[in-house]
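Scroll down for the structure; my scribbles are underneath it.
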Amino acid sequence: MGGSSSSGNSSKTKRYAPYIENRHSTMLADVASNRAVVIDLSPWATFPEYDAEDAFFAEGWLLANFPTLYEMFGKFMAGLDIEALWGEIFARQFEQSETDSVVASESDISRDNLKTTETDFMLKLREINAVESSSFVIGRAQIERNWVKDLAKLSADLKYDIVVSAENAYISSLNWKKQVVDTYANTIKLYYLALLQSREENFKAKTRDALWGMEVLDFERTALGAYNPLSYYNKMGMRKRSTLSKTLLVLSYTATGASIGSSILPGWGTAIGAIIGFVVGLAIMLFE
Amino acid sequence: MGGGSSAPKNTSQTLRYAPYIETRHQNFLETIYAERVAIIDESPFADYVDIDVDAAFFGTGYTIASFPTLYDMFGKFMAGLDIEALWVQIFEGTVNSSTVSDLVSAESALLEDEVEENSLPRLQTGMRDINAVMSSSFVVGKSLIDEAKTKMIAKFSADLKYRLIPVAQERYNAHLNWNKLVVGTYAEIIKLYYSIKTDVDEINYSMAAKNLLWPFTVLDFERAALGALQGATNSKTDVAGASTASKVISGALSGAAMGAMIGGQITNQAGTAATASTAATAGTTYAGWGAGVGAVLGAAAALTY
């Protein structure tokens with residue numbers, strides 16, 4: 001280093017050993033030549049923009065072309081007349097012709113059995129010479145009465161089963177309508193998640209393309225200031241998850257896995273879901 | 001003249017570097033200046049189009065104020081619900097509905113047909129063979145069959161109504177649960193709306209900020225270039241105005257994705273085994289808690305990224 005001073009003005013020149021300055025000079029020349037080569041070759045220029053809407057809607061369609069979440073909620077939940085729904089389901093279940101078909105076929109089969117019963121009855125009455133008696137008439141009528149009762153019982157039992165079936169259908173219908181709204185809400189949530197992430201990536205790429213020249217020149221800046229320990233290249237857009245965030249991420253997936261497991265099989269499902277969630281969270285953290 | 005001058009002296013100190021460095025630095029500054037001029041008016045954020053959330057939730061031209069408030073819904077479906085009147089309505093609608101009357105009538109018609117088409121002809125044929133159609137026994141026998149039919153229809157009607165009482169109870173439970181789910185879902189939709197709205201607004205505004213701050217982002221490189229020899233660095237790790245919104249969204253939404261959204265389902269306790277039903281209910285409860293915890297942890301993980 002050297003310096004000069006006159007009339008209150010001074011000049012101080014920072015110098016380094018000649019071999020260092022020679023190397024530095026050579027390096028700066030190399031950096032400059034490499035910079036000239038790559039400064040116009042932004043790899044981000046060819047970045048294909050993500051279009052989240054293509055995945056959710058057909059080409060030419062927008063979110064506004066589809067029912068809103070409030071419309072779906074109104075149609076499937078708040079505006080649903082669940083009493084009328086019960087009436088429809090209950091009536092529809094009993095309208096099915098299968099029940100009558102079963103009764104009719106059972107009637108046919110039981111008539112065949114009835115013939116056997118009647119024949120046995122008549123033979124026994126004949127043996128005691130009572131065919132012409134009132135007992136024979138009443139006996140025949142009782143056989144018919146029992147047949148009517150059996151048939152009525154069968155028909156009734158079938159219909160009682162349908163009552164349970166109607167009740168299950170009603171509950172399933174309500175749950176289904178709720179699931180429609182839930183799924184629609186989740187779809188919208190997913191849409192915005194995808195849209196924001198794709199926008200973020202698209203604009204990140206556009207920004208890096210626009211700043212490509214500056215990013216290249218930043219290497220030259222650090223090369224010029226190589227003697228200064230404070231001079232370093234500051235990478236753009238690179239973030240690392242903190243340790244706390246890593247822990248919370250894994251815990252989040254663990255809790256989510258446990259919740260899914262609980263909804264399927266409380267107890268064992270909770271434990272298995274938690275383990276799977278933990279592994280998934282760990283894997284995501286490691287491969288992030 | 002005598003004496004010395006007491007005027008203050010202007011002093012300056014010039015820091016110089018080796019000529020080859022100064023030459024390179026000068027060329028470098030010219031290059032970065034040219035680059036700055038080229039891009040300073042080319043903000044990549046200039047063509048950003050704001051994301052609209054209201055369209056997905058309410059439709060074009062509507063806002064959240066156009067719809068019933070959560071308090072309105074709570075009043076309509078829960079607090080203002082007359083559950084005693086509801087029970088009477090459901091009981092009558094289940095046990096004494098017109099459909100039940102129709103079922104009894106249909107059952108009566110079915111048995112009537114069977115008696116008329118099968119049972120009575122069989123009896124009559126047998127009685128004719130023994131020449132007993134005109135006897136009192138035949139009349140008694142016929143009445144036995146009619147009596148059986150009448151009794152069975154009465155039994156069917158009574159049994160059906162008796163079996164519909166638990167169904168009415170289930171319907172009542174389902175109705176109450178459904179109303180609660182309606183309010184719960186409405187609340188969750190509002191929560192989801194504000195969650196997405198705040199995140200999207202954060203993105204929209206941060207993009208606007210990035211656009212306005214674009215010249216400063218570019219100039220910051222030149223600033224760092226000017227001070228390169230003193231170790232000045234480009235302090236930005238991203239474009240000025242960058243936000244953490246996307247991190248929040250991806251973290252919170254993925255963490256909560258599987259269920260913090262909306263509560264459970266209606267379970268049919270009469271139609272299934274009690275233990276299974278209880279377990280399912282418990283499962284739903286745990287699932288809701290788990291999802292809630294997952295959501296909170298997911299959001300926290302994003303915020304502490």
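Going by the structure tokens order, chains are called A, B, ..., each with residues numbered from 1, while ligands are numbered from 1 in the order shown.
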### Query
Which residues, written as a PyMOL selection string, have at least one atom at most 12 Å from Tyr33 (chain B), with only C-alpha atoms counted and residues fewer than 2 positions away on the same chain left out?
(chain A and resi 213-214+217) or (chain B and resi 25-31+35-40+218-226)
I'd like a table as a tab-separated table: residues in chain A with an atom no more than 6 Å from chain B, each row giving the shortest atom pair and its distance in Å to one decimal, only C-alpha atoms counted, sorted by chain and rising residue number.
residue	atom	partner	partner_atom	distance
A:Gly8	CA	B:Thr11	CA	4.6
A:Asn9	CA	B:Ser12	CA	4.7
A:Ser10	CA	B:Gln13	CA	4.6
A:Ser11	CA	B:Thr14	CA	4.4
A:Lys12	CA	B:Leu15	CA	4.9
A:Thr13	CA	B:Arg16	CA	4.2
A:Lys14	CA	B:Tyr17	CA	5.1
A:Arg15	CA	B:Ala18	CA	5.9
A:Ala64	CA	B:Ala55	CA	6.0
A:Thr68	CA	B:Phe57	CA	4.9
A:Leu69	CA	B:Phe57	CA	4.8
A:Tyr70	CA	B:Phe57	CA	5.7
A:Ser134	CA	B:Ser137	CA	5.3
A:Val137	CA	B:Ser137	CA	5.9
A:Ile138	CA	B:Gly141	CA	4.9
A:Ala141	CA	B:Gly141	CA	4.5
A:Glu144	CA	B:Ser119	CA	5.8
A:Arg145	CA	B:Ile145	CA	4.5
A:Asn175	CA	B:Gln265	CA	5.9
A:Lys206	CA	B:Pro44	CA	5.9
A:Thr207	CA	B:Pro44	CA	5.8
A:Arg221	CA	B:Ala228	CA	5.6
A:Gly225	CA	B:Leu229	CA	4.4
A:Asn228	CA	B:Gly231	CA	5.3
A:Leu230	CA	B:Gly231	CA	4.8
A:Ser231	CA	B:Gly231	CA	4.2
A:Met236	CA	B:Thr237	CA	4.6
A:Gly237	CA	B:Asp238	CA	5.2
A:Arg241	CA	B:Tyr305	CA	4.6
A:Ser242	CA	B:Tyr305	CA	5.5
A:Ser245	CA	B:Ala301	CA	4.2
A:Leu248	CA	B:Ala301	CA	4.9
A:Leu249	CA	B:Ala301	CA	5.1
A:Ser252	CA	B:Gly294	CA	4.4
A:Ala255	CA	B:Gly294	CA	4.9
A:Thr256	CA	B:Gly294	CA	4.9
A:Ser259	CA	B:Ala287	CA	3.9
A:Ser262	CA	B:Gly283	CA	4.7
A:Ser263	CA	B:Gly283	CA	4.7
A:Pro266	CA	B:Gly283	CA	4.9
### Task
Can you pull out every residue within 9 Å of Met78 (chain B), counting only C-alpha atoms, but drop anything in the same chain fewer than 2 positions away, and send it as a PyMOL selection string?
chain B and resi 73-76+80-82+176+179-180+183
### Task
Using only C-alpha atoms, determine which residues lie at most 6 Å from region 273-283 of chain A, disregarding the query and same-chain residues fewer than 6 positions distant; provide the list as a PyMOL selection string.
chain A and resi 250+253-254+257-258+261
Same residues, C-alpha atoms, saved as a PDB file, in the first residue's frame:
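Final output, again31.pdb:
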ATOM      1  CA  VAL A 250     -43.492 -33.397  10.525  1.00  0.00           C
ATOM      2  CA  TYR A 253     -48.383 -34.476   8.828  1.00  0.00           C
ATOM      3  CA  THR A 254     -48.422 -36.793  11.841  1.00  0.00           C
ATOM      4  CA  GLY A 257     -52.391 -38.825   9.364  1.00  0.00           C
ATOM      5  CA  ALA A 258     -53.822 -39.582  12.805  1.00  0.00           C
ATOM      6  CA  GLY A 261     -56.805 -42.912  10.565  1.00  0.00           C
TER       7      GLY A 261
END
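Distance check against Glu202 (chain B) using only C-alpha atoms: of B:Arg128, B:Asp50, B:Thr23, B:Ala34, the minimum falls on B:Asp50.
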